[in-house]
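J.: Following this line is structure30.pdb, made up of PDB, C-alpha atoms:
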```pdb
ATOM      1  CA  MET A   2      -9.707   3.605  18.629
ATOM      2  CA  GLN A   3     -13.323   4.633  18.455
ATOM      3  CA  ARG A   4     -14.655   1.171  17.590
ATOM      4  CA  PRO A   5     -12.920  -2.186  17.236
ATOM      5  CA  LEU A   6     -11.729  -2.981  13.732
ATOM      6  CA  ASN A   7     -13.810  -6.148  13.671
ATOM      7  CA  GLN A   8     -16.944  -4.096  14.311
ATOM      8  CA  LEU A   9     -16.163  -1.690  11.477
ATOM      9  CA  LEU A  10     -15.486  -4.588   9.130
ATOM     10  CA  SER A  11     -18.761  -6.184  10.134
ATOM     11  CA  GLU A  12     -20.685  -2.980   9.428
ATOM     12  CA  ALA A  13     -19.030  -2.132   6.090
ATOM     13  CA  SER A  14     -20.176  -3.630   2.795
ATOM     14  CA  ILE A  15     -17.053  -2.508   0.881
ATOM     15  CA  VAL A  16     -13.493  -2.720   2.182
ATOM     16  CA  PHE A  17     -10.564  -1.150   0.356
ATOM     17  CA  TRP A  18      -7.212  -2.695   1.251
ATOM     18  CA  ASP A  19      -3.716  -1.324   0.843
ATOM     19  CA  PHE A  20      -1.023  -3.998   0.366
ATOM     20  CA  ASP A  21       2.441  -3.008   1.636
ATOM     21  CA  GLY A  22       2.326  -2.608   5.407
ATOM     22  CA  VAL A  23      -1.277  -3.852   5.636
ATOM     23  CA  ILE A  24      -1.249  -7.323   4.104
ATOM     24  CA  LYS A  25       2.500  -7.897   3.855
ATOM     25  CA  GLU A  26       5.322  -6.464   6.002
ATOM     26  CA  SER A  27       6.974  -5.155   2.853
ATOM     27  CA  VAL A  28       7.546  -1.435   3.458
ATOM     28  CA  GLU A  29      11.103  -1.933   4.718
ATOM     29  CA  VAL A  30      11.791  -4.506   1.985
ATOM     30  CA  LYS A  31      11.057  -1.850  -0.616
ATOM     31  CA  SER A  32      13.096   0.729   1.294
ATOM     32  CA  LEU A  33      16.123  -1.558   1.107
ATOM     33  CA  ALA A  34      15.471  -2.168  -2.594
ATOM     34  CA  PHE A  35      15.367   1.569  -3.335
ATOM     35  CA  GLN A  36      18.627   2.039  -1.440
ATOM     36  CA  LYS A  37      20.244  -0.862  -3.285
ATOM     37  CA  LEU A  38      19.102   0.649  -6.574
ATOM     38  CA  PHE A  39      21.094   3.809  -5.830
ATOM     39  CA  LEU A  40      23.926   2.202  -3.863
ATOM     40  CA  GLU A  41      26.651   3.567  -6.150
ATOM     41  CA  PHE A  42      25.815   7.140  -5.176
ATOM     42  CA  GLU A  43      26.658   9.162  -2.044
ATOM     43  CA  ARG A  44      25.682   7.551   1.248
ATOM     44  CA  ASP A  45      23.683  10.582   2.451
ATOM     45  CA  ALA A  46      21.521  10.475  -0.675
ATOM     46  CA  VAL A  47      20.969   6.716  -0.338
ATOM     47  CA  GLU A  48      19.908   7.095   3.299
ATOM     48  CA  ALA A  49      17.589   9.989   2.383
ATOM     49  CA  ILE A  50      15.995   7.817  -0.314
ATOM     50  CA  GLY A  51      15.300   5.030   2.181
ATOM     51  CA  GLU A  52      13.827   7.464   4.695
ATOM     52  CA  HIS A  53      11.669   9.180   2.085
ATOM     53  CA  HIS A  54      10.213   5.868   0.924
ATOM     54  CA  GLU A  55       9.376   4.775   4.467
ATOM     55  CA  ASN A  56       7.614   8.092   5.125
ATOM     56  CA  ASN A  57       5.773   7.961   1.781
ATOM     57  CA  SER A  58       5.153   4.257   1.271
ATOM     58  CA  GLY A  59       1.853   4.866  -0.510
ATOM     59  CA  LEU A  60       3.395   6.771  -3.421
ATOM     60  CA  SER A  61       4.135   5.013  -6.682
ATOM     61  CA  ARG A  62       7.697   4.271  -7.797
ATOM     62  CA  PHE A  63       6.815   6.309 -10.912
ATOM     63  CA  GLU A  64       6.658   9.363  -8.635
ATOM     64  CA  LYS A  65       9.607   8.417  -6.423
ATOM     65  CA  ILE A  66      12.224   7.381  -8.956
ATOM     66  CA  PRO A  67      12.252  10.713 -10.877
ATOM     67  CA  LEU A  68      12.701  12.463  -7.513
ATOM     68  CA  TYR A  69      15.495  10.107  -6.452
ATOM     69  CA  LEU A  70      17.250  10.502  -9.793
ATOM     70  CA  SER A  71      17.286  14.261  -9.262
ATOM     71  CA  TRP A  72      18.714  13.780  -5.754
ATOM     72  CA  VAL A  73      21.677  11.773  -7.061
ATOM     73  CA  GLY A  74      22.267  14.035 -10.055
ATOM     74  CA  GLU A  75      21.142  11.577 -12.730
ATOM     75  CA  PRO A  76      19.181  12.677 -15.828
ATOM     76  CA  VAL A  77      15.434  12.617 -15.221
ATOM     77  CA  THR A  78      14.497  11.330 -18.678
ATOM     78  CA  ASN A  79      11.716   8.946 -19.654
ATOM     79  CA  GLU A  80      14.294   6.365 -20.705
ATOM     80  CA  ASN A  81      16.214   6.628 -17.426
ATOM     81  CA  ILE A  82      13.021   6.474 -15.336
ATOM     82  CA  LYS A  83      11.878   3.351 -17.223
ATOM     83  CA  ASN A  84      15.304   1.737 -16.798
ATOM     84  CA  TYR A  85      15.355   2.328 -13.034
ATOM     85  CA  CYS A  86      11.739   1.210 -12.638
ATOM     86  CA  ASN A  87      12.551  -2.069 -14.400
ATOM     87  CA  LYS A  88      15.614  -2.587 -12.198
ATOM     88  CA  PHE A  89      13.535  -1.887  -9.102
ATOM     89  CA  SER A  90      10.880  -4.407 -10.150
ATOM     90  CA  LEU A  91      13.524  -7.113 -10.534
ATOM     91  CA  LEU A  92      14.944  -6.297  -7.091
ATOM     92  CA  VAL A  93      11.708  -6.135  -5.169
ATOM     93  CA  LYS A  94       9.088  -8.562  -6.500
ATOM     94  CA  GLN A  95      10.367 -11.782  -4.916
ATOM     95  CA  ALA A  96      11.357  -9.946  -1.746
ATOM     96  CA  VAL A  97       7.754  -8.771  -1.332
ATOM     97  CA  ILE A  98       6.446 -12.293  -1.907
ATOM     98  CA  ASP A  99       8.865 -13.646   0.706
ATOM     99  CA  SER A 100       8.135 -10.955   3.310
ATOM    100  CA  SER A 101       6.118 -11.760   6.438
ATOM    101  CA  TRP A 102       2.343 -11.529   6.584
ATOM    102  CA  VAL A 103       0.863  -8.857   8.831
ATOM    103  CA  PRO A 104      -0.306 -10.845  11.896
ATOM    104  CA  GLY A 105      -3.892 -12.029  11.595
ATOM    105  CA  VAL A 106      -4.499 -10.681   8.095
ATOM    106  CA  LEU A 107      -5.065 -14.030   6.371
ATOM    107  CA  ASN A 108      -7.645 -15.068   8.954
ATOM    108  CA  CYS A 109      -9.375 -11.711   8.543
ATOM    109  CA  LEU A 110      -9.476 -11.964   4.750
ATOM    110  CA  GLU A 111     -10.785 -15.519   4.921
ATOM    111  CA  ALA A 112     -13.440 -14.656   7.498
ATOM    112  CA  TYR A 113     -14.978 -11.740   5.593
ATOM    113  CA  TYR A 114     -14.303 -11.987   1.861
ATOM    114  CA  LYS A 115     -17.477 -13.938   1.053
ATOM    115  CA  LYS A 116     -19.598 -11.493   3.042
ATOM    116  CA  LYS A 117     -18.033  -8.225   1.841
ATOM    117  CA  LYS A 118     -16.711  -6.716  -1.340
ATOM    118  CA  PHE A 119     -12.930  -6.528  -0.939
ATOM    119  CA  LEU A 120     -10.900  -4.335  -3.312
ATOM    120  CA  LEU A 121      -7.122  -3.918  -3.308
ATOM    121  CA  LEU A 122      -5.491  -0.529  -3.927
ATOM    122  CA  THR A 123      -1.736  -0.233  -4.290
ATOM    123  CA  ALA A 124       0.959   2.016  -5.728
ATOM    124  CA  THR A 125       2.607  -1.097  -7.185
ATOM    125  CA  PRO A 126       2.146  -1.389 -10.975
ATOM    126  CA  LYS A 127      -1.017  -3.332 -11.844
ATOM    127  CA  ARG A 128       0.720  -6.148 -13.712
ATOM    128  CA  GLU A 129       3.245  -6.670 -10.928
ATOM    129  CA  ILE A 130       0.694  -6.756  -8.095
ATOM    130  CA  ASP A 131      -1.448  -9.218 -10.084
ATOM    131  CA  GLU A 132       1.567 -11.526 -10.372
ATOM    132  CA  ILE A 133       2.346 -11.166  -6.656
ATOM    133  CA  LEU A 134      -1.246 -11.949  -5.640
ATOM    134  CA  GLU A 135      -1.284 -15.019  -7.883
ATOM    135  CA  GLU A 136       2.001 -16.257  -6.421
ATOM    136  CA  LEU A 137       0.636 -15.746  -2.892
ATOM    137  CA  GLN A 138      -2.661 -17.417  -3.858
ATOM    138  CA  ILE A 139      -4.802 -14.602  -2.464
ATOM    139  CA  SER A 140      -6.268 -13.142  -5.687
ATOM    140  CA  HIS A 141      -9.640 -14.723  -4.923
ATOM    141  CA  PHE A 142     -10.131 -12.483  -1.900
ATOM    142  CA  PHE A 143     -10.562  -9.368  -4.073
ATOM    143  CA  ILE A 144     -13.269  -8.539  -6.582
ATOM    144  CA  GLU A 145     -11.056  -5.831  -8.093
ATOM    145  CA  VAL A 146      -7.378  -4.868  -7.925
ATOM    146  CA  TYR A 147      -6.137  -1.358  -8.707
ATOM    147  CA  GLY A 148      -2.452  -0.608  -9.247
ATOM    148  CA  ALA A 149      -0.321   2.151 -10.751
ATOM    149  CA  PRO A 150      -0.818   4.227 -12.764
ATOM    150  CA  THR A 151      -4.334   4.510 -11.255
ATOM    151  CA  SER A 152      -4.107   6.529  -8.041
ATOM    152  CA  LYS A 153      -5.760   5.263  -4.882
ATOM    153  CA  LEU A 154      -7.957   8.359  -4.754
ATOM    154  CA  ASP A 155      -9.234   7.696  -8.281
ATOM    155  CA  ALA A 156      -9.554   3.964  -7.628
ATOM    156  CA  ILE A 157     -11.931   4.493  -4.707
ATOM    157  CA  ARG A 158     -14.047   6.952  -6.688
ATOM    158  CA  ILE A 159     -14.201   4.653  -9.719
ATOM    159  CA  ALA A 160     -15.028   1.613  -7.594
ATOM    160  CA  LEU A 161     -17.817   3.327  -5.668
ATOM    161  CA  GLU A 162     -19.353   4.622  -8.894
ATOM    162  CA  GLY A 163     -19.128   1.189 -10.516
ATOM    163  CA  LEU A 164     -20.644  -0.577  -7.529
ATOM    164  CA  GLU A 165     -23.267   2.158  -7.161
ATOM    165  CA  LYS A 166     -22.550   2.257  -3.455
ATOM    166  CA  HIS A 167     -22.576   5.227  -1.104
ATOM    167  CA  SER A 168     -19.343   6.101   0.695
ATOM    168  CA  LYS A 169     -20.972   5.448   4.078
ATOM    169  CA  ASN A 170     -20.880   1.726   3.277
ATOM    170  CA  ALA A 171     -17.104   1.663   2.764
ATOM    171  CA  ILE A 172     -13.859   1.670   4.742
ATOM    172  CA  MET A 173     -10.214   1.932   3.687
ATOM    173  CA  ILE A 174      -7.492   0.020   5.556
ATOM    174  CA  GLY A 175      -4.091   1.595   5.031
ATOM    175  CA  ASP A 176      -0.818   2.704   6.579
ATOM    176  CA  SER A 177       0.217   5.874   4.744
ATOM    177  CA  TYR A 178      -0.725   9.483   4.030
ATOM    178  CA  SER A 179      -1.794   8.567   0.496
ATOM    179  CA  ASP A 180      -4.188   5.958   1.908
ATOM    180  CA  TYR A 181      -5.560   8.438   4.435
ATOM    181  CA  GLU A 182      -6.015  11.165   1.803
ATOM    182  CA  ALA A 183      -7.622   8.780  -0.685
ATOM    183  CA  ALA A 184     -10.161   7.739   1.947
ATOM    184  CA  THR A 185     -10.949  11.170   3.369
ATOM    185  CA  ASN A 186     -11.218  12.796  -0.074
ATOM    186  CA  ASN A 187     -13.790  10.157  -0.996
ATOM    187  CA  ASN A 188     -15.626  10.562   2.325
ATOM    188  CA  ILE A 189     -15.099   7.002   3.518
ATOM    189  CA  LEU A 190     -13.908   5.742   6.886
ATOM    190  CA  PHE A 191     -10.194   5.106   7.331
ATOM    191  CA  ALA A 192      -8.457   2.565   9.571
ATOM    192  CA  LEU A 193      -4.725   3.095  10.132
ATOM    193  CA  ARG A 194      -2.441   0.142  10.675
ATOM    194  CA  GLN A 195       0.147   1.526  13.115
ATOM    195  CA  THR A 196       3.797   0.941  12.235
ATOM    196  CA  GLU A 197       7.136   2.531  13.043
ATOM    197  CA  PHE A 198       6.982   4.223   9.639
ATOM    198  CA  ASN A 199       3.800   6.277  10.193
ATOM    199  CA  LEU A 200       4.325   7.793  13.641
ATOM    200  CA  SER A 201       3.587  11.336  12.439
ATOM    201  CA  LEU A 202       0.323  10.222  10.831
ATOM    202  CA  GLN A 203      -0.654   8.503  14.077
ATOM    203  CA  LYS A 204      -0.247  11.829  15.898
ATOM    204  CA  GLU A 205      -2.044  13.926  13.295
ATOM    205  CA  SER A 206      -5.009  11.828  12.201
ATOM    206  CA  MET A 207      -8.276  11.270  14.022
ATOM    207  CA  CYS A 208      -9.190   7.777  12.903
ATOM    208  CA  LEU A 209      -9.385   4.179  14.004
ATOM    209  CA  MET A 210      -5.900   2.773  14.644
ATOM    210  CA  PHE A 211      -4.774  -0.807  15.155
ATOM    211  CA  LYS A 212      -1.459  -2.675  15.390
ATOM    212  CA  ASP A 213      -2.458  -5.843  13.552
ATOM    213  CA  PHE A 214      -5.490  -7.982  12.772
ATOM    214  CA  ASN A 215      -5.284  -9.810  16.062
ATOM    215  CA  ASP A 216      -6.258  -6.586  17.868
ATOM    216  CA  GLU A 217      -9.505  -6.819  19.761
TER     217      GLU A 217
END
```
For the structure just supplied, provide its representation as structure tokens.
T.:
Amino acid sequence: MQRPLNQLLSEASIVFWDFDGVIKESVEVKSLAFQKLFLEFERDAVEAIGEHHENNSGLSRFEKIPLYLSWVGEPVTNENIKNYCNKFSLLVKQAVIDSSWVPGVLNCLEAYYKKKKFLLLTATPKREIDEILEELQISHFFIEVYGAPTSKLDAIRIALEGLEKHSKNAIMIGDSYSDYEAATNNNILFALRQTEFNLSLQKESMCLMFKDFNDE
């Protein structure tokens, strides 16, 4: 950790937030939902699906479900993808809402949101994340929310252009490779929330790392 997270937040004017694994402890919840979605298929494939999701939590279900369908030998058609995406949404939405908060995150959001521009980036479909944020009563923390199909990389670029802000004023808080790549490809600082699901990224990346928002 080069500088404390609080210091970086104080210095930044724009903060991009991931959701799963950063605001809510919902990475494993979604892993279980993906496995449940494919429970009728071979156990090895179901376990591989859960592991793949945990290692690639920042990817959209629209990218994962076609891959998982191919793994279990199901037709990768637009109709089948849509059907499985709808089933997944029904399985996971309430589970995400009910999942635990990342320690300290609510205090952090409350302390800084009036002083900074907070934007949320997620691989969750836009309509679904809007509904989740409303249910959790945290929509007011964010001036903009980006969800699938907009990629996180594109969302950062679009947001910076719209705000007419230089990348040096911004930081991304995430927990996955897609978060890290979205930040670095847009030349903004990246802070990695360390979890059991991103151990390889912790070893490979040279960035600020923290366990939760109570870290000093």
J.: Which residues match the PyMOL selection byres ((chain A and resi 25) around 10) in the file above, as number ranges by chain?
T.: A: 19-24, 26-28, 97-104, 106
J.: Find the spatial neighbours of range 42-54 of chain A, counting all atoms listed in the file, within a cut-off of 8 Å - ignore same-chain residues fewer than 3 positions away - and output them as a PDB file with C-alpha atoms, in the coordinates of the input.
T.:
```pdb
ATOM      1  CA  LYS A  31      11.057  -1.850  -0.616  1.00  0.00           C
ATOM      2  CA  SER A  32      13.096   0.729   1.294  1.00  0.00           C
ATOM      3  CA  LEU A  33      16.123  -1.558   1.107  1.00  0.00           C
ATOM      4  CA  PHE A  35      15.367   1.569  -3.335  1.00  0.00           C
ATOM      5  CA  GLN A  36      18.627   2.039  -1.440  1.00  0.00           C
ATOM      6  CA  PHE A  39      21.094   3.809  -5.830  1.00  0.00           C
ATOM      7  CA  ASN A  57       5.773   7.961   1.781  1.00  0.00           C
ATOM      8  CA  SER A  58       5.153   4.257   1.271  1.00  0.00           C
ATOM      9  CA  LYS A  65       9.607   8.417  -6.423  1.00  0.00           C
ATOM     10  CA  TYR A  69      15.495  10.107  -6.452  1.00  0.00           C
ATOM     11  CA  TRP A  72      18.714  13.780  -5.754  1.00  0.00           C
ATOM     12  CA  VAL A  73      21.677  11.773  -7.061  1.00  0.00           C
TER      13      VAL A  73
END
```
J.: Taking the file above as input, evaluate the PyMOL selection byres ((chain A and resi 78-90) around 9) and report the hits as a ChimeraX atom specification.
T.: /A:31,34-35,37-38,62-63,66-67,70,75-77,91-94,129
J.: Env of range 115-122 of chain A: 9 Å cut, atoms = only C-alpha atoms, seq-sep filter 4 positions within chain, self excluded. Answer as an mmCIF file with C-alpha atoms, keeping the file's coordinate frame.
T.:
```
data_model
loop_
_atom_site.group_PDB
_atom_site.id
_atom_site.type_symbol
_atom_site.label_atom_id
_atom_site.label_comp_id
_atom_site.auth_asym_id
_atom_site.auth_seq_id
_atom_site.Cartn_x
_atom_site.Cartn_y
_atom_site.Cartn_z
ATOM 1 C CA LEU A 10 -15.486 -4.588 9.130
ATOM 2 C CA SER A 11 -18.761 -6.184 10.134
ATOM 3 C CA ALA A 13 -19.030 -2.132 6.090
ATOM 4 C CA SER A 14 -20.176 -3.630 2.795
ATOM 5 C CA ILE A 15 -17.053 -2.508 0.881
ATOM 6 C CA VAL A 16 -13.493 -2.720 2.182
ATOM 7 C CA PHE A 17 -10.564 -1.150 0.356
ATOM 8 C CA TRP A 18 -7.212 -2.695 1.251
ATOM 9 C CA ASP A 19 -3.716 -1.324 0.843
ATOM 10 C CA PHE A 20 -1.023 -3.998 0.366
ATOM 11 C CA LEU A 110 -9.476 -11.964 4.750
ATOM 12 C CA GLU A 111 -10.785 -15.519 4.921
ATOM 13 C CA PHE A 142 -10.131 -12.483 -1.900
ATOM 14 C CA PHE A 143 -10.562 -9.368 -4.073
ATOM 15 C CA ILE A 144 -13.269 -8.539 -6.582
ATOM 16 C CA GLU A 145 -11.056 -5.831 -8.093
ATOM 17 C CA VAL A 146 -7.378 -4.868 -7.925
ATOM 18 C CA TYR A 147 -6.137 -1.358 -8.707
ATOM 19 C CA GLY A 148 -2.452 -0.608 -9.247
ATOM 20 C CA ALA A 149 -0.321 2.151 -10.751
ATOM 21 C CA THR A 151 -4.334 4.510 -11.255
ATOM 22 C CA SER A 152 -4.107 6.529 -8.041
ATOM 23 C CA LYS A 153 -5.760 5.263 -4.882
ATOM 24 C CA ALA A 156 -9.554 3.964 -7.628
ATOM 25 C CA ILE A 157 -11.931 4.493 -4.707
ATOM 26 C CA ALA A 160 -15.028 1.613 -7.594
ATOM 27 C CA ASP A 180 -4.188 5.958 1.908
#
```
J.: Could you give me, as a list in words, the residues that have an atom at most 10 Å away from the point (-5.4, 11.0, 2.3) in the coordinates of the file, using all atoms listed in the file?
T.: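 The distance filter leaves exactly Gly59, Lys153, Leu154, Gly175, Ser177, Tyr178, Ser179, Asp180, Tyr181, Glu182, Ala183, Ala184, Thr185, Asn186, Asn187, Phe191 and Ser206 of chain A.
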J.: Show me, as a VMD selection string, the residues that have an atom within 9 Å of Lys212 in chain A when counting only C-alpha atoms, minus same-chain residues fewer than 5 positions from it.
T.: chain A and resid 104 193 to 196
J.: So the first atom is CA of Phe198 in chain A and the second is CA of Asp176 in chain A; what is the distance between them in Å, to one decimal place?
T.: 8.5 Å
J.: Could you tell me how far CA of His141 in chain A lies from CA of Pro126 in chain A, in Å and to one decimal?
T.: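 CA of Pro126 in chain A lies at a distance of 18.8 Å from CA of His141 in chain A.
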J.: Between CA of Ala192 in chain A and CA of Leu6 in chain A, what distance in Å does the model show, to one decimal?
T.: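 One can read the CA of Ala192 in chain A to CA of Leu6 in chain A distance as 7.7 Å.
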J.: Considering all atoms listed in the file, can you say which of A:Met210, A:Leu60, A:Ile189, A:Leu137 comes closest to Arg158 in chain A?
T.: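 That would be A:Ile189, the residue with the smallest distance to Arg158 in chain A.
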J.: Please identify all polymer residues within 10 Å of Asn7 in chain A, counting all atoms listed in the file, omitting same-chain residues fewer than 3 positions from it, and present them as a PDB file with C-alpha atoms, in the frame of the given file.
T.:
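And here is the file that came out, around.pdb:
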```
ATOM      1  CA  ARG A   4     -14.655   1.171  17.590  1.00  0.00           C
ATOM      2  CA  LEU A  10     -15.486  -4.588   9.130  1.00  0.00           C
ATOM      3  CA  SER A  11     -18.761  -6.184  10.134  1.00  0.00           C
ATOM      4  CA  GLU A  12     -20.685  -2.980   9.428  1.00  0.00           C
ATOM      5  CA  CYS A 109      -9.375 -11.711   8.543  1.00  0.00           C
ATOM      6  CA  TYR A 113     -14.978 -11.740   5.593  1.00  0.00           C
ATOM      7  CA  PHE A 214      -5.490  -7.982  12.772  1.00  0.00           C
ATOM      8  CA  ASN A 215      -5.284  -9.810  16.062  1.00  0.00           C
ATOM      9  CA  ASP A 216      -6.258  -6.586  17.868  1.00  0.00           C
ATOM     10  CA  GLU A 217      -9.505  -6.819  19.761  1.00  0.00           C
TER      11      GLU A 217
END
```
J.: Extract range 56-80 of chain A from the preceding block and save N, CA and C atoms as a PDB file, in the first residue's frame.
T.:
```pdb
ATOM      1  N   ASN A  56     -13.253 -16.084 -10.258  1.00  0.00           N
ATOM      2  CA  ASN A  56     -11.999 -15.556 -10.797  1.00  0.00           C
ATOM      3  C   ASN A  56     -12.219 -14.443 -11.826  1.00  0.00           C
ATOM      4  N   ASN A  57     -13.475 -14.261 -12.248  1.00  0.00           N
ATOM      5  CA  ASN A  57     -13.793 -13.268 -13.273  1.00  0.00           C
ATOM      6  C   ASN A  57     -15.065 -12.514 -12.896  1.00  0.00           C
ATOM      7  N   SER A  58     -15.116 -12.073 -11.641  1.00  0.00           N
ATOM      8  CA  SER A  58     -16.347 -11.480 -11.116  1.00  0.00           C
ATOM      9  C   SER A  58     -16.744 -10.197 -11.835  1.00  0.00           C
ATOM     10  N   GLY A  59     -15.793  -9.551 -12.502  1.00  0.00           N
ATOM     11  CA  GLY A  59     -16.113  -8.288 -13.161  1.00  0.00           C
ATOM     12  C   GLY A  59     -16.713  -8.429 -14.540  1.00  0.00           C
ATOM     13  N   LEU A  60     -16.801  -9.656 -15.060  1.00  0.00           N
ATOM     14  CA  LEU A  60     -17.383  -9.866 -16.384  1.00  0.00           C
ATOM     15  C   LEU A  60     -18.895  -9.958 -16.301  1.00  0.00           C
ATOM     16  N   SER A  61     -19.557  -9.493 -17.333  1.00  0.00           N
ATOM     17  CA  SER A  61     -21.010  -9.521 -17.383  1.00  0.00           C
ATOM     18  C   SER A  61     -21.535 -10.940 -17.566  1.00  0.00           C
ATOM     19  N   ARG A  62     -22.732 -11.182 -17.052  1.00  0.00           N
ATOM     20  CA  ARG A  62     -23.411 -12.472 -17.265  1.00  0.00           C
ATOM     21  C   ARG A  62     -23.649 -12.720 -18.750  1.00  0.00           C
ATOM     22  N   PHE A  63     -23.735 -11.636 -19.552  1.00  0.00           N
ATOM     23  CA  PHE A  63     -23.952 -11.781 -20.988  1.00  0.00           C
ATOM     24  C   PHE A  63     -22.719 -12.366 -21.685  1.00  0.00           C
ATOM     25  N   GLU A  64     -21.566 -12.268 -21.039  1.00  0.00           N
ATOM     26  CA  GLU A  64     -20.352 -12.913 -21.526  1.00  0.00           C
ATOM     27  C   GLU A  64     -20.199 -14.308 -20.932  1.00  0.00           C
ATOM     28  N   LYS A  65     -20.592 -14.468 -19.674  1.00  0.00           N
ATOM     29  CA  LYS A  65     -20.393 -15.740 -18.979  1.00  0.00           C
ATOM     30  C   LYS A  65     -21.377 -16.820 -19.401  1.00  0.00           C
ATOM     31  N   ILE A  66     -22.645 -16.475 -19.507  1.00  0.00           N
ATOM     32  CA  ILE A  66     -23.656 -17.493 -19.761  1.00  0.00           C
ATOM     33  C   ILE A  66     -23.461 -18.195 -21.114  1.00  0.00           C
ATOM     34  N   PRO A  67     -23.126 -17.493 -22.211  1.00  0.00           N
ATOM     35  CA  PRO A  67     -22.830 -18.235 -23.444  1.00  0.00           C
ATOM     36  C   PRO A  67     -21.677 -19.232 -23.264  1.00  0.00           C
ATOM     37  N   LEU A  68     -20.655 -18.825 -22.505  1.00  0.00           N
ATOM     38  CA  LEU A  68     -19.521 -19.710 -22.236  1.00  0.00           C
ATOM     39  C   LEU A  68     -19.977 -20.930 -21.433  1.00  0.00           C
ATOM     40  N   TYR A  69     -20.768 -20.690 -20.397  1.00  0.00           N
ATOM     41  CA  TYR A  69     -21.220 -21.784 -19.536  1.00  0.00           C
ATOM     42  C   TYR A  69     -22.155 -22.725 -20.283  1.00  0.00           C
ATOM     43  N   LEU A  70     -22.970 -22.191 -21.161  1.00  0.00           N
ATOM     44  CA  LEU A  70     -23.835 -23.037 -21.983  1.00  0.00           C
ATOM     45  C   LEU A  70     -23.001 -23.972 -22.846  1.00  0.00           C
ATOM     46  N   SER A  71     -21.919 -23.451 -23.398  1.00  0.00           N
ATOM     47  CA  SER A  71     -21.043 -24.296 -24.228  1.00  0.00           C
ATOM     48  C   SER A  71     -20.377 -25.378 -23.393  1.00  0.00           C
ATOM     49  N   TRP A  72     -20.046 -25.052 -22.140  1.00  0.00           N
ATOM     50  CA  TRP A  72     -19.398 -26.035 -21.253  1.00  0.00           C
ATOM     51  C   TRP A  72     -20.319 -27.211 -20.929  1.00  0.00           C
ATOM     52  N   VAL A  73     -21.621 -26.940 -20.819  1.00  0.00           N
ATOM     53  CA  VAL A  73     -22.559 -28.007 -20.454  1.00  0.00           C
ATOM     54  C   VAL A  73     -23.237 -28.619 -21.669  1.00  0.00           C
ATOM     55  N   GLY A  74     -22.835 -28.185 -22.863  1.00  0.00           N
ATOM     56  CA  GLY A  74     -23.347 -28.787 -24.087  1.00  0.00           C
ATOM     57  C   GLY A  74     -24.720 -28.306 -24.509  1.00  0.00           C
ATOM     58  N   GLU A  75     -25.137 -27.140 -24.008  1.00  0.00           N
ATOM     59  CA  GLU A  75     -26.420 -26.567 -24.387  1.00  0.00           C
ATOM     60  C   GLU A  75     -26.253 -25.624 -25.582  1.00  0.00           C
ATOM     61  N   PRO A  76     -27.301 -25.471 -26.400  1.00  0.00           N
ATOM     62  CA  PRO A  76     -27.209 -24.579 -27.562  1.00  0.00           C
ATOM     63  C   PRO A  76     -26.927 -23.132 -27.151  1.00  0.00           C
ATOM     64  N   VAL A  77     -25.957 -22.527 -27.794  1.00  0.00           N
ATOM     65  CA  VAL A  77     -25.618 -21.133 -27.500  1.00  0.00           C
ATOM     66  C   VAL A  77     -26.366 -20.250 -28.499  1.00  0.00           C
ATOM     67  N   THR A  78     -27.673 -20.136 -28.287  1.00  0.00           N
ATOM     68  CA  THR A  78     -28.533 -19.326 -29.150  1.00  0.00           C
ATOM     69  C   THR A  78     -28.975 -18.080 -28.389  1.00  0.00           C
ATOM     70  N   ASN A  79     -29.384 -17.068 -29.127  1.00  0.00           N
ATOM     71  CA  ASN A  79     -29.853 -15.836 -28.480  1.00  0.00           C
ATOM     72  C   ASN A  79     -31.020 -16.117 -27.543  1.00  0.00           C
ATOM     73  N   GLU A  80     -31.918 -16.984 -27.962  1.00  0.00           N
ATOM     74  CA  GLU A  80     -33.083 -17.311 -27.141  1.00  0.00           C
ATOM     75  C   GLU A  80     -32.670 -18.018 -25.852  1.00  0.00           C
TER      76      GLU A  80
END
```
